[in-house]
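Student: Structure: data_23.txt, compact mmCIF, C-alpha atoms.
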```txt
# COMPACT_ATOMS: atom_id res chain seq x y z
CA MET A 1 8.99 -26.32 16.98
CA THR A 2 6.49 -25.44 19.65
CA ILE A 3 3.88 -22.71 19.37
CA THR A 4 5.77 -20.64 21.92
CA GLY A 5 8.96 -20.99 19.88
CA ALA A 6 7.17 -19.96 16.68
CA LEU A 7 5.65 -16.93 18.41
CA THR A 8 9.08 -15.95 19.75
CA VAL A 9 10.60 -16.10 16.26
CA LEU A 10 7.66 -14.09 14.90
CA TRP A 11 8.07 -11.48 17.64
CA PHE A 12 11.78 -11.01 16.91
CA ALA A 13 11.07 -10.80 13.18
CA LEU A 14 8.35 -8.15 13.60
CA ALA A 15 9.92 -6.10 16.41
CA PRO A 16 11.95 -3.77 14.15
CA PHE A 17 8.85 -3.04 12.06
CA LEU A 18 6.32 -2.36 14.81
CA TRP A 19 6.27 1.42 14.37
CA PRO A 20 5.61 1.31 10.56
CA ILE A 21 2.91 -1.31 11.16
CA ALA A 22 1.31 0.88 13.85
CA VAL A 23 1.45 3.99 11.62
CA GLY A 24 -0.11 2.03 8.76
CA VAL A 25 -2.93 0.72 10.92
CA VAL A 26 -3.66 4.20 12.31
CA LEU A 27 -3.65 5.67 8.78
CA LEU A 28 -5.93 2.92 7.47
CA VAL A 29 -8.42 3.30 10.34
CA ALA A 30 -8.37 7.11 10.04
CA VAL A 31 -9.05 7.13 6.28
CA GLN A 32 -11.76 4.47 6.56
CA GLY A 33 -13.40 6.24 9.51
CA LEU A 34 -13.37 9.68 7.88
CA ALA A 35 -14.71 8.31 4.61
CA HIS A 36 -17.53 6.44 6.36
CA LEU A 37 -18.46 9.61 8.26
CA ARG A 38 -18.76 11.39 4.90
CA GLY A 39 -21.06 8.74 3.42
CA TYR A 40 -18.64 6.25 1.88
CA ARG A 41 -19.97 2.73 1.43
CA ILE A 42 -17.54 0.08 0.26
CA LEU A 43 -19.98 -1.58 -2.16
CA GLY A 44 -21.78 1.61 -3.18
CA TYR A 45 -18.77 3.41 -4.62
CA ARG A 46 -16.67 2.40 -7.60
CA CYS A 47 -13.34 3.82 -8.66
CA LEU A 48 -11.45 2.19 -11.50
CA ALA A 49 -8.30 4.20 -10.77
CA ALA A 50 -8.14 2.91 -7.18
CA ASN A 51 -8.64 -0.66 -8.40
CA LEU A 52 -5.89 -0.39 -11.03
CA ALA A 53 -3.50 1.36 -8.64
CA ALA A 54 -4.02 -1.35 -6.01
CA ILE A 55 -3.29 -4.07 -8.59
CA ALA A 56 -0.17 -2.20 -9.76
CA VAL A 57 1.12 -1.83 -6.18
CA GLY A 58 0.39 -5.51 -5.52
CA LEU A 59 2.29 -6.62 -8.61
CA SER A 60 5.16 -4.28 -7.74
CA GLY A 61 5.64 -6.49 -4.70
CA LEU A 62 7.22 -9.08 -7.01
CA TRP A 63 10.12 -6.64 -7.34
CA TRP A 64 10.49 -5.09 -3.89
CA ILE A 65 9.45 -7.89 -1.48
CA PRO A 66 12.55 -9.94 -2.36
CA LEU A 67 14.69 -6.80 -2.03
CA PHE A 68 13.12 -6.04 1.34
CA THR A 69 13.87 -9.56 2.61
CA HIS A 70 17.42 -9.59 1.15
CA SER A 71 16.46 -12.40 -1.20
CA ARG A 72 15.89 -12.99 -4.90
CA LEU A 73 12.86 -14.05 -6.85
CA ALA A 74 14.96 -16.94 -8.17
CA TYR A 75 15.10 -18.36 -4.63
CA VAL A 76 11.32 -18.91 -4.65
CA ALA A 77 11.58 -22.57 -5.52
CA SER A 78 9.05 -24.65 -3.61
CA VAL A 79 5.28 -24.60 -3.65
CA PHE A 80 5.24 -23.21 -0.12
CA ASP A 81 7.52 -20.34 -1.14
CA TRP A 82 5.17 -19.44 -3.99
CA ILE A 83 2.14 -19.68 -1.69
CA ALA A 84 3.82 -17.30 0.76
CA LEU A 85 4.76 -14.86 -2.01
CA VAL A 86 1.31 -14.92 -3.60
CA GLY A 87 -0.26 -14.47 -0.16
CA ALA A 88 1.97 -11.44 0.45
CA LEU A 89 0.99 -9.98 -2.93
CA ILE A 90 -2.71 -10.51 -2.29
CA GLY A 91 -2.38 -8.96 1.17
CA LEU A 92 -0.47 -5.99 -0.25
CA THR A 93 -3.12 -5.48 -2.93
CA ALA A 94 -5.96 -5.70 -0.40
CA VAL A 95 -4.41 -3.25 2.06
CA THR A 96 -3.61 -0.82 -0.77
CA TRP A 97 -7.18 -1.04 -2.05
CA LEU A 98 -8.59 -0.55 1.45
CA LEU A 99 -6.56 2.66 1.68
CA LEU A 100 -6.93 4.06 -1.85
CA HIS A 101 -10.62 3.30 -2.41
CA PRO A 102 -11.98 5.48 0.44
CA LEU A 103 -9.23 8.04 -0.16
CA SER A 104 -10.40 8.47 -3.76
CA TYR A 105 -13.95 8.94 -2.45
CA LEU A 106 -12.76 11.67 -0.10
CA LEU A 107 -10.77 13.42 -2.83
CA GLN A 108 -13.58 13.35 -5.42
CA GLY A 109 -16.26 14.72 -3.11
CA LYS A 110 -19.24 13.16 -4.88
CA SER A 111 -19.48 9.47 -5.55
CA PRO A 112 -19.40 8.85 -9.31
CA ARG A 113 -20.73 5.46 -10.34
CA TYR A 114 -19.14 3.54 -13.16
CA ALA A 115 -21.47 0.79 -14.22
```
The structure given in the file should be rewritten as structure tokens.
Tutor:
Amino acid sequence: MTITGALTVLWFALAPFLWPIAVGVVLLVAVQGLAHLRGYRILGYRCLAANLAAIAVGLSGLWWIPLFTHSRLAYVASVFDWIALVGALIGLTAVTWLLLHPLSYLLQGKSPRYA
């Protein structure tokens, strides 16, 4: 398959989901921007609840990603399937953390430090 063919398949796969992706990106940029304007620093603030919630949402992907793709976890058979699923879980965890971490800073007002 050529690069153009792969990009065409990717475009048709993502086209129905462009508006949720755009809303998610706008929400992520807005929360990050507002938090940084209020003094949030990604390495200077710690929130155990945001960390645990991000991990829980990431692990929940084992249940709902196969449902979303009309598949089953039993169909994840090859190494490449597992790599794709683990990559999706890591991406889901990272995006959730990038949203919840600054949001928890904004909701708490002051930056408590847990050391």
Student: Let me have the centre and edge lengths of the axis-aligned box enclosing all listed atoms of stretch 94-102 of chain A with 3 Å padding on every side, in Å to one decimal, as AutoDock Vina command-line options.
Tutor:
```
--center_x -7.8 --center_y -0.1 --center_z -0.2 --size_x 14.4 --size_y 17.2 --size_z 10.5
```
Student: Using atom CA of A:Leu48 and atom CA of A:Leu99 as the two end points, give the distance in Å to one decimal.
Tutor: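 Here the two named atoms are 14.1 Å from each other.
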Student: Could you check which of A:Ile65, A:Leu18, A:Ala74, A:Leu103 is closest to A:Val86, using only C-alpha atoms?
Tutor: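 Residue with the minimum atom-to-atom distance to A:Val86: A:Ile65.
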Student: Could you please give me, as a list in words, the residues of protein, DNA or RNA lying at most 10 Å from (4.4, -4.9, -5.9) in the coordinate frame of the file, considering all atoms listed in the file?
Tutor: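 Protein and nucleic acid residues near the point are Ala54, Ile55, Ala56, Val57, Gly58, Leu59, Ser60, Gly61, Leu62, Trp63, Trp64, Ile65, Ala88, Leu89, Ile90, Leu92 and Thr93 of chain A.
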Student: With C-alpha atoms retained, could you export that selection as a CSV table (one decimal), keeping the file's coordinate frame?
Tutor:
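The resulting file, out-v1.csv, is shown below:
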```csv
chain,number,residue,atom,x,y,z
A,54,ALA,CA,-4.0,-1.4,-6.0
A,55,ILE,CA,-3.3,-4.1,-8.6
A,56,ALA,CA,-0.2,-2.2,-9.8
A,57,VAL,CA,1.1,-1.8,-6.2
A,58,GLY,CA,0.4,-5.5,-5.5
A,59,LEU,CA,2.3,-6.6,-8.6
A,60,SER,CA,5.2,-4.3,-7.7
A,61,GLY,CA,5.6,-6.5,-4.7
A,62,LEU,CA,7.2,-9.1,-7.0
A,63,TRP,CA,10.1,-6.6,-7.3
A,64,TRP,CA,10.5,-5.1,-3.9
A,65,ILE,CA,9.4,-7.9,-1.5
A,88,ALA,CA,2.0,-11.4,0.4
A,89,LEU,CA,1.0,-10.0,-2.9
A,90,ILE,CA,-2.7,-10.5,-2.3
A,92,LEU,CA,-0.5,-6.0,-0.2
A,93,THR,CA,-3.1,-5.5,-2.9
```
Student: Name the closest residue to A:Thr96 among the candidates A:Ser78, A:Thr8, A:Asn51, A:Thr2; distances are taken between atoms, counting only C-alpha atoms.
Tutor: A:Asn51
Student: Calculate how many Å separate atom CA of A:His70 from atom CA of A:Ala6, rounding to one decimal.
Tutor: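 So the two atoms, atom CA of A:His70 and atom CA of A:Ala6, lie 21.3 Å apart.
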Student: Got a sec: who's within 10 Å of stretch 25-35 of chain A, counting all atoms listed in the file, leaving out chain neighbours fewer than 2 positions off, as a ChimeraX atom specification?
Tutor: /A:19-23,37-42,95-96,98-107
Student: Counting all atoms listed in the file, figure out which residue out of A:Gln108, A:Val79, A:Leu85, A:Ala49 gets nearest to A:Pro66.
Tutor: A:Leu85
Student: Just give me the gap between atom CA of A:Tyr45 and atom CA of A:Trp97 in Å, one decimal is fine.
Tutor: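 Between atom CA of A:Tyr45 and atom CA of A:Trp97 the gap is 12.7 Å.
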Student: Taking all atoms listed in the file into account, name the residue in A:Arg46, A:Leu52, A:Phe68, A:His36 that is nearest to A:Phe17.
Tutor: A:Phe68
Student: So which one's closest to A:Ala53, A:Leu73, A:Ala94, A:Gly5, A:Phe12? Using only C-alpha atoms, please.
Tutor: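 The closest residue to A:Ala53 is A:Ala94.
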Student: Save stretch 20-67 of chain A to a file: N, CA and C atoms, as a PDB file, in the first residue's frame.
Tutor:
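The file below, result30.pdb, is the result:
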```
ATOM      1  N   PRO A  20     -15.546  15.439  17.500  1.00  0.00           N
ATOM      2  CA  PRO A  20     -15.143  15.159  18.881  1.00  0.00           C
ATOM      3  C   PRO A  20     -13.647  15.389  19.099  1.00  0.00           C
ATOM      4  N   ILE A  21     -12.840  15.095  18.082  1.00  0.00           N
ATOM      5  CA  ILE A  21     -11.399  15.335  18.197  1.00  0.00           C
ATOM      6  C   ILE A  21     -11.138  16.828  18.317  1.00  0.00           C
ATOM      7  N   ALA A  22     -11.812  17.638  17.510  1.00  0.00           N
ATOM      8  CA  ALA A  22     -11.629  19.095  17.569  1.00  0.00           C
ATOM      9  C   ALA A  22     -12.088  19.660  18.909  1.00  0.00           C
ATOM     10  N   VAL A  23     -13.221  19.185  19.420  1.00  0.00           N
ATOM     11  CA  VAL A  23     -13.710  19.648  20.731  1.00  0.00           C
ATOM     12  C   VAL A  23     -12.718  19.260  21.829  1.00  0.00           C
ATOM     13  N   GLY A  24     -12.189  18.056  21.761  1.00  0.00           N
ATOM     14  CA  GLY A  24     -11.212  17.613  22.752  1.00  0.00           C
ATOM     15  C   GLY A  24      -9.929  18.432  22.732  1.00  0.00           C
ATOM     16  N   VAL A  25      -9.457  18.748  21.537  1.00  0.00           N
ATOM     17  CA  VAL A  25      -8.239  19.561  21.426  1.00  0.00           C
ATOM     18  C   VAL A  25      -8.478  20.970  21.957  1.00  0.00           C
ATOM     19  N   VAL A  26      -9.631  21.555  21.619  1.00  0.00           N
ATOM     20  CA  VAL A  26      -9.952  22.900  22.121  1.00  0.00           C
ATOM     21  C   VAL A  26     -10.062  22.887  23.643  1.00  0.00           C
ATOM     22  N   LEU A  27     -10.723  21.878  24.214  1.00  0.00           N
ATOM     23  CA  LEU A  27     -10.850  21.764  25.664  1.00  0.00           C
ATOM     24  C   LEU A  27      -9.489  21.601  26.333  1.00  0.00           C
ATOM     25  N   LEU A  28      -8.642  20.752  25.769  1.00  0.00           N
ATOM     26  CA  LEU A  28      -7.316  20.527  26.322  1.00  0.00           C
ATOM     27  C   LEU A  28      -6.473  21.798  26.297  1.00  0.00           C
ATOM     28  N   VAL A  29      -6.479  22.512  25.178  1.00  0.00           N
ATOM     29  CA  VAL A  29      -5.703  23.748  25.058  1.00  0.00           C
ATOM     30  C   VAL A  29      -6.261  24.818  25.995  1.00  0.00           C
ATOM     31  N   ALA A  30      -7.588  24.894  26.122  1.00  0.00           N
ATOM     32  CA  ALA A  30      -8.193  25.901  26.996  1.00  0.00           C
ATOM     33  C   ALA A  30      -7.845  25.652  28.460  1.00  0.00           C
ATOM     34  N   VAL A  31      -7.952  24.412  28.920  1.00  0.00           N
ATOM     35  CA  VAL A  31      -7.633  24.097  30.322  1.00  0.00           C
ATOM     36  C   VAL A  31      -6.156  24.325  30.595  1.00  0.00           C
ATOM     37  N   GLN A  32      -5.294  23.853  29.693  1.00  0.00           N
ATOM     38  CA  GLN A  32      -3.852  24.060  29.881  1.00  0.00           C
ATOM     39  C   GLN A  32      -3.506  25.554  29.889  1.00  0.00           C
ATOM     40  N   GLY A  33      -4.071  26.309  28.948  1.00  0.00           N
ATOM     41  CA  GLY A  33      -3.785  27.739  28.868  1.00  0.00           C
ATOM     42  C   GLY A  33      -4.250  28.495  30.093  1.00  0.00           C
ATOM     43  N   LEU A  34      -5.475  28.232  30.549  1.00  0.00           N
ATOM     44  CA  LEU A  34      -6.003  28.903  31.733  1.00  0.00           C
ATOM     45  C   LEU A  34      -5.200  28.555  32.975  1.00  0.00           C
ATOM     46  N   ALA A  35      -4.834  27.294  33.109  1.00  0.00           N
ATOM     47  CA  ALA A  35      -4.043  26.879  34.275  1.00  0.00           C
ATOM     48  C   ALA A  35      -2.665  27.543  34.267  1.00  0.00           C
ATOM     49  N   HIS A  36      -2.036  27.608  33.104  1.00  0.00           N
ATOM     50  CA  HIS A  36      -0.711  28.244  33.036  1.00  0.00           C
ATOM     51  C   HIS A  36      -0.801  29.738  33.326  1.00  0.00           C
ATOM     52  N   LEU A  37      -1.890  30.376  32.919  1.00  0.00           N
ATOM     53  CA  LEU A  37      -2.071  31.798  33.242  1.00  0.00           C
ATOM     54  C   LEU A  37      -2.239  32.016  34.734  1.00  0.00           C
ATOM     55  N   ARG A  38      -2.741  31.006  35.442  1.00  0.00           N
ATOM     56  CA  ARG A  38      -2.939  31.113  36.892  1.00  0.00           C
ATOM     57  C   ARG A  38      -1.762  30.577  37.694  1.00  0.00           C
ATOM     58  N   GLY A  39      -0.665  30.243  37.030  1.00  0.00           N
ATOM     59  CA  GLY A  39       0.547  29.847  37.745  1.00  0.00           C
ATOM     60  C   GLY A  39       0.847  28.361  37.767  1.00  0.00           C
ATOM     61  N   TYR A  40       0.113  27.577  37.042  1.00  0.00           N
ATOM     62  CA  TYR A  40       0.329  26.126  37.004  1.00  0.00           C
ATOM     63  C   TYR A  40       1.628  25.797  36.291  1.00  0.00           C
ATOM     64  N   ARG A  41       2.413  24.939  36.908  1.00  0.00           N
ATOM     65  CA  ARG A  41       3.616  24.399  36.275  1.00  0.00           C
ATOM     66  C   ARG A  41       3.540  22.889  36.359  1.00  0.00           C
ATOM     67  N   ILE A  42       3.743  22.232  35.254  1.00  0.00           N
ATOM     68  CA  ILE A  42       3.488  20.793  35.158  1.00  0.00           C
ATOM     69  C   ILE A  42       4.363  19.988  36.119  1.00  0.00           C
ATOM     70  N   LEU A  43       5.580  20.401  36.351  1.00  0.00           N
ATOM     71  CA  LEU A  43       6.458  19.672  37.268  1.00  0.00           C
ATOM     72  C   LEU A  43       6.436  20.241  38.683  1.00  0.00           C
ATOM     73  N   GLY A  44       5.821  21.382  38.871  1.00  0.00           N
ATOM     74  CA  GLY A  44       5.789  22.013  40.188  1.00  0.00           C
ATOM     75  C   GLY A  44       4.533  21.721  40.976  1.00  0.00           C
ATOM     76  N   TYR A  45       3.613  20.973  40.410  1.00  0.00           N
ATOM     77  CA  TYR A  45       2.354  20.682  41.077  1.00  0.00           C
ATOM     78  C   TYR A  45       2.132  19.182  41.068  1.00  0.00           C
ATOM     79  N   ARG A  46       1.701  18.656  42.186  1.00  0.00           N
ATOM     80  CA  ARG A  46       1.445  17.220  42.297  1.00  0.00           C
ATOM     81  C   ARG A  46       0.033  16.994  42.802  1.00  0.00           C
ATOM     82  N   CYS A  47      -0.640  16.059  42.172  1.00  0.00           N
ATOM     83  CA  CYS A  47      -1.998  15.711  42.590  1.00  0.00           C
ATOM     84  C   CYS A  47      -2.179  14.209  42.413  1.00  0.00           C
ATOM     85  N   LEU A  48      -2.212  13.507  43.522  1.00  0.00           N
ATOM     86  CA  LEU A  48      -2.345  12.055  43.483  1.00  0.00           C
ATOM     87  C   LEU A  48      -3.685  11.636  42.889  1.00  0.00           C
ATOM     88  N   ALA A  49      -4.740  12.386  43.171  1.00  0.00           N
ATOM     89  CA  ALA A  49      -6.063  12.038  42.646  1.00  0.00           C
ATOM     90  C   ALA A  49      -6.087  12.111  41.117  1.00  0.00           C
ATOM     91  N   ALA A  50      -5.458  13.122  40.546  1.00  0.00           N
ATOM     92  CA  ALA A  50      -5.406  13.233  39.083  1.00  0.00           C
ATOM     93  C   ALA A  50      -4.602  12.083  38.483  1.00  0.00           C
ATOM     94  N   ASN A  51      -3.517  11.702  39.138  1.00  0.00           N
ATOM     95  CA  ASN A  51      -2.706  10.586  38.655  1.00  0.00           C
ATOM     96  C   ASN A  51      -3.501   9.281  38.678  1.00  0.00           C
ATOM     97  N   LEU A  52      -4.176   9.009  39.800  1.00  0.00           N
ATOM     98  CA  LEU A  52      -4.940   7.767  39.922  1.00  0.00           C
ATOM     99  C   LEU A  52      -6.142   7.746  38.974  1.00  0.00           C
ATOM    100  N   ALA A  53      -6.791   8.890  38.805  1.00  0.00           N
ATOM    101  CA  ALA A  53      -7.928   8.956  37.888  1.00  0.00           C
ATOM    102  C   ALA A  53      -7.479   8.724  36.448  1.00  0.00           C
ATOM    103  N   ALA A  54      -6.342   9.279  36.066  1.00  0.00           N
ATOM    104  CA  ALA A  54      -5.824   9.073  34.710  1.00  0.00           C
ATOM    105  C   ALA A  54      -5.490   7.603  34.472  1.00  0.00           C
ATOM    106  N   ILE A  55      -4.900   6.951  35.452  1.00  0.00           N
ATOM    107  CA  ILE A  55      -4.588   5.522  35.328  1.00  0.00           C
ATOM    108  C   ILE A  55      -5.871   4.708  35.227  1.00  0.00           C
ATOM    109  N   ALA A  56      -6.881   5.060  36.033  1.00  0.00           N
ATOM    110  CA  ALA A  56      -8.158   4.337  35.987  1.00  0.00           C
ATOM    111  C   ALA A  56      -8.840   4.501  34.626  1.00  0.00           C
ATOM    112  N   VAL A  57      -8.832   5.714  34.085  1.00  0.00           N
ATOM    113  CA  VAL A  57      -9.434   5.939  32.765  1.00  0.00           C
ATOM    114  C   VAL A  57      -8.651   5.178  31.697  1.00  0.00           C
ATOM    115  N   GLY A  58      -7.328   5.189  31.803  1.00  0.00           N
ATOM    116  CA  GLY A  58      -6.514   4.443  30.842  1.00  0.00           C
ATOM    117  C   GLY A  58      -6.803   2.957  30.873  1.00  0.00           C
ATOM    118  N   LEU A  59      -6.905   2.385  32.062  1.00  0.00           N
ATOM    119  CA  LEU A  59      -7.202   0.958  32.171  1.00  0.00           C
ATOM    120  C   LEU A  59      -8.632   0.636  31.751  1.00  0.00           C
ATOM    121  N   SER A  60      -9.542   1.598  31.910  1.00  0.00           N
ATOM    122  CA  SER A  60     -10.918   1.369  31.469  1.00  0.00           C
ATOM    123  C   SER A  60     -10.981   1.203  29.950  1.00  0.00           C
ATOM    124  N   GLY A  61      -9.966   1.682  29.265  1.00  0.00           N
ATOM    125  CA  GLY A  61      -9.906   1.511  27.820  1.00  0.00           C
ATOM    126  C   GLY A  61      -9.866   0.055  27.398  1.00  0.00           C
ATOM    127  N   LEU A  62      -9.390  -0.839  28.277  1.00  0.00           N
ATOM    128  CA  LEU A  62      -9.413  -2.268  27.965  1.00  0.00           C
ATOM    129  C   LEU A  62     -10.841  -2.754  27.769  1.00  0.00           C
ATOM    130  N   TRP A  63     -11.802  -2.110  28.417  1.00  0.00           N
ATOM    131  CA  TRP A  63     -13.187  -2.496  28.275  1.00  0.00           C
ATOM    132  C   TRP A  63     -13.872  -1.802  27.102  1.00  0.00           C
ATOM    133  N   TRP A  64     -13.713  -0.467  26.997  1.00  0.00           N
ATOM    134  CA  TRP A  64     -14.527   0.257  26.025  1.00  0.00           C
ATOM    135  C   TRP A  64     -13.879   0.470  24.663  1.00  0.00           C
ATOM    136  N   ILE A  65     -12.572   0.352  24.514  1.00  0.00           N
ATOM    137  CA  ILE A  65     -11.965   0.475  23.179  1.00  0.00           C
ATOM    138  C   ILE A  65     -12.425  -0.661  22.259  1.00  0.00           C
ATOM    139  N   PRO A  66     -12.436  -1.923  22.722  1.00  0.00           N
ATOM    140  CA  PRO A  66     -12.996  -2.959  21.843  1.00  0.00           C
ATOM    141  C   PRO A  66     -14.479  -2.748  21.529  1.00  0.00           C
ATOM    142  N   LEU A  67     -15.253  -2.246  22.486  1.00  0.00           N
ATOM    143  CA  LEU A  67     -16.663  -1.962  22.208  1.00  0.00           C
ATOM    144  C   LEU A  67     -16.803  -0.853  21.170  1.00  0.00           C
TER     145      LEU A  67
END
```
